[in-house]
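Structure file query-v7.txt (compact mmCIF, C-alpha atoms) is printed below.
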```txt
# COMPACT_ATOMS: atom_id res chain seq x y z
CA MET Q 1 55.96 -91.88 -21.06
CA ALA Q 2 52.99 -93.31 -22.92
CA ARG Q 3 51.99 -95.24 -19.79
CA LYS Q 4 51.93 -92.06 -17.73
CA MET Q 5 49.66 -90.41 -20.28
CA GLN Q 6 47.35 -93.42 -20.20
CA ARG Q 7 47.22 -93.36 -16.41
CA ARG Q 8 46.34 -89.68 -16.40
CA ARG Q 9 43.56 -90.26 -18.90
CA ARG Q 10 42.17 -93.06 -16.79
CA GLN Q 11 42.19 -90.86 -13.72
CA LYS Q 12 40.43 -88.04 -15.51
CA ARG Q 13 37.90 -90.45 -16.92
CA THR Q 14 37.12 -91.95 -13.52
CA CYS Q 15 36.76 -88.51 -11.99
CA SER Q 16 34.18 -87.58 -14.60
CA GLN Q 17 32.26 -90.82 -14.04
CA ARG Q 18 31.37 -90.06 -10.43
CA GLY Q 19 28.00 -88.79 -11.54
CA GLU Q 20 28.50 -85.20 -10.52
CA LEU Q 21 27.31 -82.57 -12.95
CA PRO Q 22 29.64 -79.55 -13.05
CA LEU Q 23 27.98 -76.29 -12.05
CA SER Q 24 29.97 -74.47 -14.72
CA LEU Q 25 28.41 -76.60 -17.47
CA VAL Q 26 24.86 -75.85 -16.29
CA ASP Q 27 25.79 -72.18 -15.89
CA HIS Q 28 27.10 -72.13 -19.47
CA PHE Q 29 23.84 -73.55 -20.85
CA LEU Q 30 21.73 -71.14 -18.77
CA ARG Q 31 23.72 -68.13 -19.94
CA GLU Q 32 23.12 -69.08 -23.59
CA GLU Q 33 19.38 -68.60 -23.12
CA ILE Q 34 17.64 -65.25 -23.47
CA HIS Q 35 16.14 -65.33 -19.94
CA SER Q 36 19.46 -65.75 -18.10
CA SER Q 37 19.26 -62.25 -16.62
CA ARG Q 38 15.97 -63.14 -14.87
CA LEU Q 39 17.34 -66.07 -12.89
CA SER Q 40 18.19 -65.87 -9.19
CA SER Q 41 21.55 -66.91 -7.82
CA SER Q 42 20.20 -70.16 -6.34
CA THR Q 43 18.79 -71.33 -9.67
CA LEU Q 44 22.09 -72.82 -10.76
CA SER Q 45 22.51 -75.11 -7.76
CA PHE Q 46 18.82 -76.06 -7.69
CA LEU Q 47 18.72 -76.96 -11.39
CA THR Q 48 21.95 -78.92 -11.11
CA SER Q 49 20.53 -80.89 -8.18
CA VAL Q 50 17.35 -81.70 -10.09
CA LEU Q 51 19.33 -82.85 -13.15
CA GLU Q 52 21.58 -85.04 -11.00
CA TYR Q 53 18.52 -86.55 -9.26
CA LEU Q 54 16.77 -87.35 -12.56
CA THR Q 55 19.93 -88.75 -14.10
CA SER Q 56 20.72 -90.99 -11.15
CA ASN Q 57 17.17 -92.38 -11.03
CA ILE Q 58 17.04 -93.05 -14.76
CA LEU Q 59 20.46 -94.73 -14.74
CA GLU Q 60 19.56 -96.81 -11.70
CA LEU Q 61 16.39 -98.10 -13.38
CA ALA Q 62 18.25 -98.67 -16.66
CA GLY Q 63 20.92 -100.60 -14.78
CA GLU Q 64 18.23 -102.87 -13.34
CA VAL Q 65 16.85 -103.45 -16.84
CA ALA Q 66 20.31 -104.27 -18.16
CA HIS Q 67 20.92 -106.63 -15.24
CA THR Q 68 17.65 -108.49 -15.79
CA THR Q 69 18.53 -108.98 -19.46
CA GLY Q 70 21.93 -110.40 -18.49
CA ARG Q 71 24.14 -107.51 -19.56
CA LYS Q 72 26.72 -105.61 -17.55
CA ARG Q 73 26.45 -102.31 -19.43
CA ILE Q 74 23.56 -99.94 -19.93
CA ALA Q 75 22.52 -99.55 -23.56
CA PRO Q 76 20.50 -96.66 -24.99
CA GLU Q 77 17.62 -99.10 -25.47
CA ASP Q 78 17.54 -99.67 -21.70
CA VAL Q 79 17.18 -95.95 -21.03
CA ARG Q 80 14.48 -95.65 -23.69
CA LEU Q 81 12.63 -98.61 -22.19
CA VAL Q 82 12.77 -97.09 -18.71
CA VAL Q 83 11.41 -93.75 -19.90
CA GLN Q 84 8.62 -95.43 -21.88
CA ASN Q 85 7.56 -97.71 -19.02
CA ASN Q 86 7.65 -95.09 -16.25
CA GLU Q 87 4.55 -92.91 -16.52
CA GLN Q 88 6.06 -89.83 -14.89
CA LEU Q 89 9.27 -89.97 -16.92
CA HIS Q 90 7.32 -90.60 -20.10
CA GLN Q 91 5.16 -87.54 -19.41
CA LEU Q 92 8.24 -85.44 -18.60
CA PHE Q 93 10.17 -86.39 -21.75
CA LYS Q 94 7.36 -86.60 -24.29
CA PRO Q 95 7.35 -84.08 -27.16
CA GLY Q 96 5.85 -80.85 -25.94
CA GLY Q 97 7.19 -81.65 -22.45
CA THR Q 98 4.50 -81.02 -19.87
CA SER Q 99 5.18 -80.79 -16.19
CA VAL Q 100 4.78 -83.84 -13.96
CA ASN Q 101 2.70 -81.79 -11.51
CA GLU Q 102 0.23 -80.71 -14.17
CA PRO Q 103 -3.23 -82.22 -13.64
CA PRO Q 104 -4.34 -84.63 -16.38
CA GLU Q 105 -6.76 -83.46 -19.02
CA PRO Q 106 -10.39 -84.31 -18.11
CA ASP Q 107 -12.16 -86.81 -20.34
CA ASN Q 108 -15.32 -85.52 -22.00
CA ASN Q 109 -16.72 -89.02 -22.48
CA GLY Q 110 -19.10 -89.01 -19.70
```
Just give me the structure of the file as structure tokens.
Amino acid sequence: MARKMQRRRRQKRTCSQRGELPLSLVDHFLREEIHSSRLSSSTLSFLTSVLEYLTSNILELAGEVAHTTGRKRIAPEDVRLVVQNNEQLHQLFKPGGTSVNEPPEPDNNG
């Protein structure tokens, strides 16, 4: 009986590792916010797609970093290194979080 329980856990774990973000989870986080009544019906699927896209790109780059360092698993340091080295990701995740499409601040030096 213990083996059956272990097999079920493995199956559930592999299903969750496909890289798909559940819409219900994103919906739950959106509904916790104050502005949830102002969102259109397509916001949920659009936001989920954007989060999946960002996650897959970051994990792909972190996997390359882990591979070049001779490891088979991605460590948090690999993800941090990817975000620091990629200018757009660094700008997106820096404290204060500005948009990637925002124009850079003009220099007043000359």
Q | 12 Å contact set for Asn57 (chain Q), all atoms listed in the file, chain neighbours under 4 positions out, as a PyMOL selection string | A | chain Q and resi 19+50-53+61-64+79+82-83+86+89
Q: Go through Q:Leu21, Q:Leu92, Q:Leu59, Q:Leu47 and flag the residue nearest Pro76 (chain Q), using all atoms listed in the file for the distances.
A: Q:Leu59
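In this model, the gap between CA of Thr68 (chain Q) and CA of Gln84 (chain Q) comes to 17.0 Å.
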Q: Name the residues in contact with Asp27 (chain Q) at a cut-off of 12 Å, using all atoms listed in the file, excluding same-chain residues fewer than 3 positions from it; report them as a PyMOL selection string.
A: chain Q and resi 21-24+30-33+36-37+39-48
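Between CA of Asp78 (chain Q) and CA of Thr55 (chain Q) the separation is 13.5 Å.
We find CA of Leu81 (chain Q) and CA of Pro95 (chain Q) to be spaced 16.2 Å apart.
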As AutoDock Vina command-line options, please: the centre and edge lengths in Å, to one decimal, of an axis-aligned box enclosing every listed atom of region 70-76 of chain Q with 4 Å added on each side.
```
--center_x 23.6 --center_y -103.5 --center_z -21.3 --size_x 14.2 --size_y 21.7 --size_z 15.4
```
With all heavy atoms as the goal, would you fill in the gaps in region 43-54 of chain Q and present it as a PDB file, in the frame of the given file?
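As written to disk, result-v3.pdb reads:
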```
ATOM      1  N   THR Q  43      19.316 -70.522  -8.567  1.00  0.00           N
ATOM      2  CA  THR Q  43      18.790 -71.330  -9.670  1.00  0.00           C
ATOM      3  C   THR Q  43      19.800 -72.340 -10.167  1.00  0.00           C
ATOM      4  O   THR Q  43      19.454 -73.491 -10.446  1.00  0.00           O
ATOM      5  CB  THR Q  43      18.353 -70.417 -10.828  1.00  0.00           C
ATOM      6  OG1 THR Q  43      17.406 -69.482 -10.343  1.00  0.00           O
ATOM      7  CG2 THR Q  43      17.757 -71.200 -11.962  1.00  0.00           C
ATOM      8  N   LEU Q  44      21.041 -71.951 -10.244  1.00  0.00           N
ATOM      9  CA  LEU Q  44      22.090 -72.820 -10.760  1.00  0.00           C
ATOM     10  C   LEU Q  44      22.233 -74.083  -9.919  1.00  0.00           C
ATOM     11  O   LEU Q  44      22.218 -75.196 -10.448  1.00  0.00           O
ATOM     12  CB  LEU Q  44      23.405 -72.066 -10.833  1.00  0.00           C
ATOM     13  CG  LEU Q  44      24.603 -72.817 -11.367  1.00  0.00           C
ATOM     14  CD1 LEU Q  44      24.362 -73.229 -12.809  1.00  0.00           C
ATOM     15  CD2 LEU Q  44      25.843 -71.953 -11.249  1.00  0.00           C
ATOM     16  N   SER Q  45      22.336 -73.928  -8.612  1.00  0.00           N
ATOM     17  CA  SER Q  45      22.510 -75.110  -7.760  1.00  0.00           C
ATOM     18  C   SER Q  45      21.239 -75.946  -7.708  1.00  0.00           C
ATOM     19  O   SER Q  45      21.304 -77.179  -7.681  1.00  0.00           O
ATOM     20  CB  SER Q  45      22.933 -74.698  -6.351  1.00  0.00           C
ATOM     21  OG  SER Q  45      21.949 -73.891  -5.768  1.00  0.00           O
ATOM     22  N   PHE Q  46      20.069 -75.315  -7.716  1.00  0.00           N
ATOM     23  CA  PHE Q  46      18.820 -76.060  -7.690  1.00  0.00           C
ATOM     24  C   PHE Q  46      18.642 -76.876  -8.969  1.00  0.00           C
ATOM     25  O   PHE Q  46      18.324 -78.066  -8.919  1.00  0.00           O
ATOM     26  CB  PHE Q  46      17.634 -75.106  -7.513  1.00  0.00           C
ATOM     27  CG  PHE Q  46      16.306 -75.795  -7.533  1.00  0.00           C
ATOM     28  CD1 PHE Q  46      15.879 -76.527  -6.449  1.00  0.00           C
ATOM     29  CD2 PHE Q  46      15.490 -75.724  -8.652  1.00  0.00           C
ATOM     30  CE1 PHE Q  46      14.659 -77.176  -6.461  1.00  0.00           C
ATOM     31  CE2 PHE Q  46      14.271 -76.370  -8.678  1.00  0.00           C
ATOM     32  CZ  PHE Q  46      13.849 -77.092  -7.578  1.00  0.00           C
ATOM     33  N   LEU Q  47      18.868 -76.264 -10.117  1.00  0.00           N
ATOM     34  CA  LEU Q  47      18.720 -76.960 -11.390  1.00  0.00           C
ATOM     35  C   LEU Q  47      19.722 -78.093 -11.527  1.00  0.00           C
ATOM     36  O   LEU Q  47      19.384 -79.179 -12.003  1.00  0.00           O
ATOM     37  CB  LEU Q  47      18.862 -75.978 -12.555  1.00  0.00           C
ATOM     38  CG  LEU Q  47      18.682 -76.549 -13.948  1.00  0.00           C
ATOM     39  CD1 LEU Q  47      17.296 -77.151 -14.115  1.00  0.00           C
ATOM     40  CD2 LEU Q  47      18.903 -75.472 -14.991  1.00  0.00           C
ATOM     41  N   THR Q  48      20.945 -77.874 -11.079  1.00  0.00           N
ATOM     42  CA  THR Q  48      21.950 -78.920 -11.110  1.00  0.00           C
ATOM     43  C   THR Q  48      21.543 -80.100 -10.233  1.00  0.00           C
ATOM     44  O   THR Q  48      21.697 -81.259 -10.627  1.00  0.00           O
ATOM     45  CB  THR Q  48      23.316 -78.365 -10.654  1.00  0.00           C
ATOM     46  OG1 THR Q  48      23.643 -77.245 -11.463  1.00  0.00           O
ATOM     47  CG2 THR Q  48      24.403 -79.404 -10.764  1.00  0.00           C
ATOM     48  N   SER Q  49      20.985 -79.819  -9.066  1.00  0.00           N
ATOM     49  CA  SER Q  49      20.530 -80.890  -8.180  1.00  0.00           C
ATOM     50  C   SER Q  49      19.397 -81.690  -8.799  1.00  0.00           C
ATOM     51  O   SER Q  49      19.366 -82.917  -8.703  1.00  0.00           O
ATOM     52  CB  SER Q  49      20.060 -80.307  -6.843  1.00  0.00           C
ATOM     53  OG  SER Q  49      21.100 -79.641  -6.203  1.00  0.00           O
ATOM     54  N   VAL Q  50      18.469 -81.010  -9.441  1.00  0.00           N
ATOM     55  CA  VAL Q  50      17.350 -81.700 -10.090  1.00  0.00           C
ATOM     56  C   VAL Q  50      17.856 -82.579 -11.238  1.00  0.00           C
ATOM     57  O   VAL Q  50      17.426 -83.726 -11.382  1.00  0.00           O
ATOM     58  CB  VAL Q  50      16.306 -80.669 -10.606  1.00  0.00           C
ATOM     59  CG1 VAL Q  50      15.284 -81.320 -11.505  1.00  0.00           C
ATOM     60  CG2 VAL Q  50      15.616 -79.995  -9.433  1.00  0.00           C
ATOM     61  N   LEU Q  51      18.774 -82.058 -12.039  1.00  0.00           N
ATOM     62  CA  LEU Q  51      19.330 -82.850 -13.150  1.00  0.00           C
ATOM     63  C   LEU Q  51      20.097 -84.065 -12.646  1.00  0.00           C
ATOM     64  O   LEU Q  51      19.979 -85.153 -13.214  1.00  0.00           O
ATOM     65  CB  LEU Q  51      20.228 -81.966 -14.018  1.00  0.00           C
ATOM     66  CG  LEU Q  51      19.519 -80.892 -14.839  1.00  0.00           C
ATOM     67  CD1 LEU Q  51      20.537 -79.980 -15.510  1.00  0.00           C
ATOM     68  CD2 LEU Q  51      18.593 -81.509 -15.854  1.00  0.00           C
ATOM     69  N   GLU Q  52      20.860 -83.908 -11.567  1.00  0.00           N
ATOM     70  CA  GLU Q  52      21.580 -85.040 -11.000  1.00  0.00           C
ATOM     71  C   GLU Q  52      20.607 -86.089 -10.461  1.00  0.00           C
ATOM     72  O   GLU Q  52      20.821 -87.288 -10.620  1.00  0.00           O
ATOM     73  CB  GLU Q  52      22.507 -84.582  -9.878  1.00  0.00           C
ATOM     74  CG  GLU Q  52      23.753 -83.899 -10.364  1.00  0.00           C
ATOM     75  CD  GLU Q  52      24.658 -83.452  -9.234  1.00  0.00           C
ATOM     76  OE1 GLU Q  52      24.315 -83.674  -8.043  1.00  0.00           O
ATOM     77  OE2 GLU Q  52      25.703 -82.881  -9.522  1.00  0.00           O
ATOM     78  N   TYR Q  53      19.524 -85.634  -9.814  1.00  0.00           N
ATOM     79  CA  TYR Q  53      18.520 -86.550  -9.260  1.00  0.00           C
ATOM     80  C   TYR Q  53      17.852 -87.349 -10.386  1.00  0.00           C
ATOM     81  O   TYR Q  53      17.730 -88.572 -10.310  1.00  0.00           O
ATOM     82  CB  TYR Q  53      17.484 -85.766  -8.474  1.00  0.00           C
ATOM     83  CG  TYR Q  53      16.344 -86.594  -7.970  1.00  0.00           C
ATOM     84  CD1 TYR Q  53      16.504 -87.418  -6.863  1.00  0.00           C
ATOM     85  CD2 TYR Q  53      15.105 -86.561  -8.599  1.00  0.00           C
ATOM     86  CE1 TYR Q  53      15.452 -88.193  -6.392  1.00  0.00           C
ATOM     87  CE2 TYR Q  53      14.058 -87.333  -8.143  1.00  0.00           C
ATOM     88  CZ  TYR Q  53      14.233 -88.141  -7.043  1.00  0.00           C
ATOM     89  OH  TYR Q  53      13.192 -88.899  -6.587  1.00  0.00           O
ATOM     90  N   LEU Q  54      17.417 -86.666 -11.433  1.00  0.00           N
ATOM     91  CA  LEU Q  54      16.770 -87.350 -12.560  1.00  0.00           C
ATOM     92  C   LEU Q  54      17.726 -88.325 -13.231  1.00  0.00           C
ATOM     93  O   LEU Q  54      17.360 -89.460 -13.533  1.00  0.00           O
ATOM     94  CB  LEU Q  54      16.280 -86.327 -13.587  1.00  0.00           C
ATOM     95  CG  LEU Q  54      14.982 -85.607 -13.270  1.00  0.00           C
ATOM     96  CD1 LEU Q  54      14.736 -84.509 -14.293  1.00  0.00           C
ATOM     97  CD2 LEU Q  54      13.832 -86.570 -13.236  1.00  0.00           C
TER      98      LEU Q  54
END
```
